[in-house]
$ cat my_file.txt   # compact mmCIF, N, CA and C atoms
# COMPACT_ATOMS: atom_id res chain seq x y z
N MET A 1 35.45 -18.60 -13.44
CA MET A 1 34.63 -17.41 -13.28
C MET A 1 34.11 -17.35 -11.86
N SER A 2 33.72 -16.17 -11.46
CA SER A 2 33.23 -16.01 -10.08
C SER A 2 31.78 -16.45 -9.98
N GLU A 3 31.37 -16.69 -8.77
CA GLU A 3 30.00 -17.12 -8.54
C GLU A 3 29.07 -15.91 -8.65
N THR A 4 27.87 -16.16 -9.13
CA THR A 4 26.89 -15.09 -9.19
C THR A 4 26.27 -14.95 -7.80
N PRO A 5 26.25 -13.73 -7.26
CA PRO A 5 25.68 -13.57 -5.93
C PRO A 5 24.17 -13.82 -5.94
N VAL A 6 23.69 -14.38 -4.86
CA VAL A 6 22.26 -14.65 -4.72
C VAL A 6 21.55 -13.32 -4.49
N LYS A 7 20.45 -13.14 -5.18
CA LYS A 7 19.70 -11.90 -5.05
C LYS A 7 19.13 -11.80 -3.63
N GLU A 8 19.42 -10.68 -2.98
CA GLU A 8 18.95 -10.49 -1.61
C GLU A 8 17.45 -10.20 -1.63
N GLN A 9 16.74 -10.85 -0.72
CA GLN A 9 15.31 -10.64 -0.63
C GLN A 9 14.95 -10.48 0.84
N SER A 10 14.04 -9.56 1.11
CA SER A 10 13.65 -9.34 2.50
C SER A 10 12.69 -10.45 2.95
N THR A 11 12.65 -10.65 4.25
CA THR A 11 11.79 -11.69 4.80
C THR A 11 10.33 -11.23 4.80
N ALA A 12 9.43 -12.18 4.97
CA ALA A 12 8.00 -11.85 5.02
C ALA A 12 7.69 -10.99 6.23
N ALA A 13 8.40 -11.23 7.33
CA ALA A 13 8.17 -10.43 8.54
C ALA A 13 8.58 -8.97 8.31
N PHE A 14 9.71 -8.76 7.64
CA PHE A 14 10.15 -7.39 7.36
C PHE A 14 9.17 -6.69 6.43
N TYR A 15 8.70 -7.41 5.40
CA TYR A 15 7.72 -6.85 4.48
C TYR A 15 6.43 -6.48 5.23
N GLY A 16 5.95 -7.39 6.07
CA GLY A 16 4.74 -7.13 6.85
C GLY A 16 4.90 -5.95 7.79
N GLN A 17 6.07 -5.85 8.42
CA GLN A 17 6.33 -4.73 9.33
C GLN A 17 6.34 -3.41 8.57
N ALA A 18 6.91 -3.41 7.38
CA ALA A 18 6.97 -2.19 6.58
C ALA A 18 5.58 -1.75 6.13
N VAL A 19 4.77 -2.71 5.71
CA VAL A 19 3.41 -2.40 5.28
C VAL A 19 2.58 -1.90 6.46
N ALA A 20 2.69 -2.58 7.60
CA ALA A 20 1.93 -2.17 8.79
C ALA A 20 2.36 -0.79 9.26
N SER A 21 3.65 -0.53 9.26
CA SER A 21 4.15 0.78 9.67
C SER A 21 3.63 1.89 8.77
N PHE A 22 3.64 1.63 7.47
CA PHE A 22 3.13 2.62 6.51
C PHE A 22 1.63 2.86 6.74
N ALA A 23 0.87 1.79 6.91
CA ALA A 23 -0.57 1.92 7.11
C ALA A 23 -0.88 2.68 8.40
N ILE A 24 -0.17 2.37 9.47
CA ILE A 24 -0.41 3.07 10.74
C ILE A 24 -0.08 4.55 10.62
N ALA A 25 1.03 4.85 9.96
CA ALA A 25 1.41 6.26 9.79
C ALA A 25 0.38 7.02 8.96
N MET A 26 -0.12 6.41 7.89
CA MET A 26 -1.12 7.08 7.06
C MET A 26 -2.44 7.27 7.81
N VAL A 27 -2.86 6.25 8.55
CA VAL A 27 -4.11 6.36 9.31
C VAL A 27 -3.97 7.42 10.41
N ALA A 28 -2.86 7.41 11.12
CA ALA A 28 -2.65 8.40 12.19
C ALA A 28 -2.63 9.81 11.62
N THR A 29 -2.00 10.00 10.48
CA THR A 29 -1.97 11.32 9.86
C THR A 29 -3.35 11.74 9.41
N ALA A 30 -4.09 10.81 8.81
CA ALA A 30 -5.45 11.12 8.35
C ALA A 30 -6.35 11.49 9.52
N VAL A 31 -6.26 10.76 10.62
CA VAL A 31 -7.06 11.06 11.81
C VAL A 31 -6.66 12.43 12.37
N GLY A 32 -5.36 12.68 12.42
CA GLY A 32 -4.90 13.98 12.92
C GLY A 32 -5.39 15.14 12.08
N ILE A 33 -5.35 14.98 10.77
CA ILE A 33 -5.84 16.05 9.89
C ILE A 33 -7.35 16.19 10.02
N PHE A 34 -8.07 15.08 10.09
CA PHE A 34 -9.52 15.11 10.20
C PHE A 34 -9.97 15.79 11.50
N ARG A 35 -9.27 15.50 12.60
CA ARG A 35 -9.67 16.04 13.91
C ARG A 35 -9.09 17.42 14.19
N LEU A 36 -8.28 17.94 13.27
CA LEU A 36 -7.68 19.26 13.45
C LEU A 36 -8.78 20.32 13.46
N GLU A 37 -8.70 21.22 14.41
CA GLU A 37 -9.71 22.27 14.49
C GLU A 37 -9.28 23.42 13.59
N ALA A 38 -9.61 23.26 12.31
CA ALA A 38 -9.31 24.27 11.31
C ALA A 38 -10.37 24.18 10.22
N ASP A 39 -10.35 25.16 9.34
CA ASP A 39 -11.31 25.17 8.24
C ASP A 39 -11.09 23.94 7.35
N ALA A 40 -12.15 23.61 6.61
CA ALA A 40 -12.08 22.44 5.74
C ALA A 40 -11.00 22.59 4.67
N TRP A 41 -10.81 23.80 4.14
CA TRP A 41 -9.81 23.99 3.10
C TRP A 41 -8.40 23.80 3.64
N VAL A 42 -8.16 24.12 4.91
CA VAL A 42 -6.86 23.91 5.53
C VAL A 42 -6.61 22.41 5.67
N ARG A 43 -7.61 21.68 6.14
CA ARG A 43 -7.47 20.22 6.26
C ARG A 43 -7.27 19.57 4.89
N ALA A 44 -8.01 20.05 3.88
CA ALA A 44 -7.85 19.50 2.52
C ALA A 44 -6.44 19.78 1.99
N PHE A 45 -5.92 20.98 2.25
CA PHE A 45 -4.57 21.31 1.81
C PHE A 45 -3.54 20.39 2.46
N LEU A 46 -3.70 20.16 3.76
CA LEU A 46 -2.78 19.28 4.46
C LEU A 46 -2.87 17.84 3.93
N ALA A 47 -4.07 17.39 3.64
CA ALA A 47 -4.25 16.03 3.11
C ALA A 47 -3.58 15.89 1.74
N ILE A 48 -3.76 16.89 0.88
CA ILE A 48 -3.12 16.85 -0.43
C ILE A 48 -1.60 16.89 -0.28
N ALA A 49 -1.10 17.70 0.66
CA ALA A 49 0.34 17.80 0.89
C ALA A 49 0.90 16.45 1.35
N VAL A 50 0.18 15.76 2.22
CA VAL A 50 0.63 14.45 2.70
C VAL A 50 0.66 13.45 1.54
N LEU A 51 -0.38 13.43 0.73
CA LEU A 51 -0.42 12.51 -0.42
C LEU A 51 0.71 12.81 -1.40
N TYR A 52 1.00 14.09 -1.64
CA TYR A 52 2.09 14.46 -2.53
C TYR A 52 3.43 14.02 -1.96
N LEU A 53 3.59 14.19 -0.67
CA LEU A 53 4.83 13.76 -0.01
C LEU A 53 5.02 12.25 -0.11
N VAL A 54 3.96 11.50 0.07
CA VAL A 54 4.04 10.03 -0.01
C VAL A 54 4.40 9.59 -1.43
N THR A 55 3.73 10.15 -2.44
CA THR A 55 4.03 9.74 -3.81
C THR A 55 5.44 10.16 -4.20
N SER A 56 5.89 11.32 -3.75
CA SER A 56 7.25 11.76 -4.04
C SER A 56 8.27 10.85 -3.38
N SER A 57 7.97 10.39 -2.18
CA SER A 57 8.87 9.48 -1.47
C SER A 57 8.99 8.15 -2.21
N PHE A 58 7.87 7.62 -2.70
CA PHE A 58 7.91 6.37 -3.46
C PHE A 58 8.72 6.54 -4.74
N THR A 59 8.52 7.66 -5.42
CA THR A 59 9.26 7.92 -6.66
C THR A 59 10.75 8.03 -6.39
N LEU A 60 11.13 8.76 -5.35
CA LEU A 60 12.54 8.90 -5.01
C LEU A 60 13.17 7.55 -4.66
N ALA A 61 12.45 6.75 -3.89
CA ALA A 61 12.97 5.43 -3.52
C ALA A 61 13.16 4.56 -4.76
N LYS A 62 12.23 4.63 -5.71
CA LYS A 62 12.35 3.84 -6.93
C LYS A 62 13.54 4.30 -7.77
N VAL A 63 13.74 5.60 -7.89
CA VAL A 63 14.86 6.13 -8.67
C VAL A 63 16.19 5.70 -8.05
N ILE A 64 16.30 5.79 -6.74
CA ILE A 64 17.53 5.38 -6.05
C ILE A 64 17.78 3.89 -6.26
N ARG A 65 16.74 3.08 -6.12
CA ARG A 65 16.89 1.63 -6.32
C ARG A 65 17.31 1.31 -7.75
N ASP A 66 16.69 1.97 -8.73
CA ASP A 66 17.03 1.73 -10.13
C ASP A 66 18.48 2.09 -10.42
N ARG A 67 18.96 3.20 -9.84
CA ARG A 67 20.36 3.60 -10.03
C ARG A 67 21.31 2.57 -9.43
N GLN A 68 20.98 2.08 -8.24
CA GLN A 68 21.84 1.08 -7.61
C GLN A 68 21.87 -0.21 -8.43
N GLU A 69 20.73 -0.64 -8.94
CA GLU A 69 20.68 -1.85 -9.75
C GLU A 69 21.46 -1.67 -11.05
N ALA A 70 21.36 -0.50 -11.67
CA ALA A 70 22.11 -0.25 -12.91
C ALA A 70 23.61 -0.28 -12.62
N GLY A 71 24.02 0.25 -11.48
CA GLY A 71 25.43 0.23 -11.11
C GLY A 71 25.93 -1.18 -10.90
N ARG A 72 25.10 -2.02 -10.32
CA ARG A 72 25.48 -3.43 -10.12
C ARG A 72 25.65 -4.15 -11.45
N ILE A 73 24.78 -3.87 -12.41
CA ILE A 73 24.86 -4.53 -13.71
C ILE A 73 26.14 -4.12 -14.42
N VAL A 74 26.46 -2.83 -14.44
CA VAL A 74 27.69 -2.35 -15.08
C VAL A 74 28.89 -2.97 -14.40
N SER A 75 28.87 -3.03 -13.09
CA SER A 75 29.98 -3.61 -12.34
C SER A 75 30.15 -5.08 -12.69
N ARG A 76 29.07 -5.81 -12.80
CA ARG A 76 29.14 -7.24 -13.12
C ARG A 76 29.66 -7.46 -14.53
N VAL A 77 29.27 -6.60 -15.48
CA VAL A 77 29.76 -6.73 -16.86
C VAL A 77 31.26 -6.45 -16.89
N ASP A 78 31.71 -5.40 -16.20
CA ASP A 78 33.14 -5.10 -16.14
C ASP A 78 33.92 -6.24 -15.50
N GLN A 79 33.37 -6.81 -14.44
CA GLN A 79 34.03 -7.93 -13.76
C GLN A 79 34.13 -9.14 -14.69
N ALA A 80 33.08 -9.41 -15.45
CA ALA A 80 33.10 -10.54 -16.38
C ALA A 80 34.15 -10.33 -17.47
N ARG A 81 34.26 -9.11 -17.97
CA ARG A 81 35.28 -8.82 -18.99
C ARG A 81 36.68 -9.02 -18.43
N LEU A 82 36.91 -8.54 -17.23
CA LEU A 82 38.22 -8.70 -16.60
C LEU A 82 38.54 -10.17 -16.40
N GLU A 83 37.58 -10.95 -15.92
CA GLU A 83 37.82 -12.38 -15.71
C GLU A 83 38.10 -13.09 -17.03
N LYS A 84 37.44 -12.68 -18.11
CA LYS A 84 37.69 -13.30 -19.41
C LYS A 84 39.12 -12.99 -19.87
N LEU A 85 39.54 -11.74 -19.73
CA LEU A 85 40.91 -11.37 -20.11
C LEU A 85 41.94 -12.15 -19.30
N LEU A 86 41.70 -12.27 -18.01
CA LEU A 86 42.64 -12.99 -17.16
C LEU A 86 42.68 -14.48 -17.50
N ALA A 87 41.53 -15.04 -17.86
CA ALA A 87 41.48 -16.46 -18.21
C ALA A 87 42.19 -16.73 -19.53
N GLU A 88 42.12 -15.78 -20.45
CA GLU A 88 42.75 -15.96 -21.76
C GLU A 88 44.24 -15.66 -21.74
N HIS A 89 44.71 -14.95 -20.75
CA HIS A 89 46.11 -14.55 -20.70
C HIS A 89 46.98 -15.72 -20.26
N ASP A 90 48.00 -15.98 -21.04
CA ASP A 90 48.97 -17.03 -20.70
C ASP A 90 50.33 -16.37 -20.54
N PRO A 91 50.81 -16.23 -19.31
CA PRO A 91 52.09 -15.53 -19.12
C PRO A 91 53.29 -16.29 -19.67
N PHE A 92 53.12 -17.58 -19.95
CA PHE A 92 54.24 -18.39 -20.44
C PHE A 92 54.23 -18.56 -21.95
N ALA A 93 53.27 -17.95 -22.62
CA ALA A 93 53.20 -18.06 -24.07
C ALA A 93 54.36 -17.27 -24.69
N GLU A 94 54.84 -17.78 -25.85
CA GLU A 94 55.93 -17.09 -26.52
C GLU A 94 55.43 -15.79 -27.10
N ARG A 95 56.20 -14.77 -26.91
CA ARG A 95 55.83 -13.47 -27.48
C ARG A 95 56.55 -13.31 -28.80
N ILE A 96 55.84 -12.82 -29.76
CA ILE A 96 56.42 -12.65 -31.09
C ILE A 96 56.92 -11.24 -31.28

$ encode --input "my_file.txt" --output "structure tokens"
Amino acid sequence: MSETPVKEQSTAAFYGQAVASFAIAMVATAVGIFRLEADAWVRAFLAIAVLYLVTSSFTLAKVIRDRQEAGRIVSRVDQARLEKLLAEHDPFAERI
């Protein structure tokens, strides 16, 4: 049988960079909206729009990841079935 691939994991530095980048982007956007010279309702609308965009982005990323993981599982099951068939097949066995 084939070897099971090691699950890929990101490094702590990559995780930290991603978290820091997200935090900086959110803070910069919040400061920009807060300092915008517009009515309070316009700033509130922009803040809600940013929060909606962020939550939608997280949801989309999760759905894409889940689909990729499901595809990997189906592929691994199909591969295991094929390997079992090949292991059981004896080309030199007498055919009846």

$ atom_distance --input "my_file.txt" --atom1 "atom CA of A:Val31" --atom2 "atom N of A:Leu51"
13.2 Å

$ atom_distance --input "my_file.txt" --atom1 "atom C of A:Ala30" --atom2 "atom CA of A:Val50"
10.2 Å

$ atom_distance --input "my_file.txt" --atom1 "atom CA of A:Ala61" --atom2 "atom C of A:Gln17"
16.4 Å

$ select_by_dssp --input "my_file.txt" --residues "stretch 8-93 of chain A" --states "alpha helix (DSSP H)" --output "ChimeraX atom specification"
/A:12-35,40-88

$ residues_around --input "my_file.txt" --residues "A:Ala47" --least-positions-apart "2" --cutoff "12 Å" --atoms "only C-alpha atoms" --output "ChimeraX atom specification"
/A:26-34,36,40-45,49-54
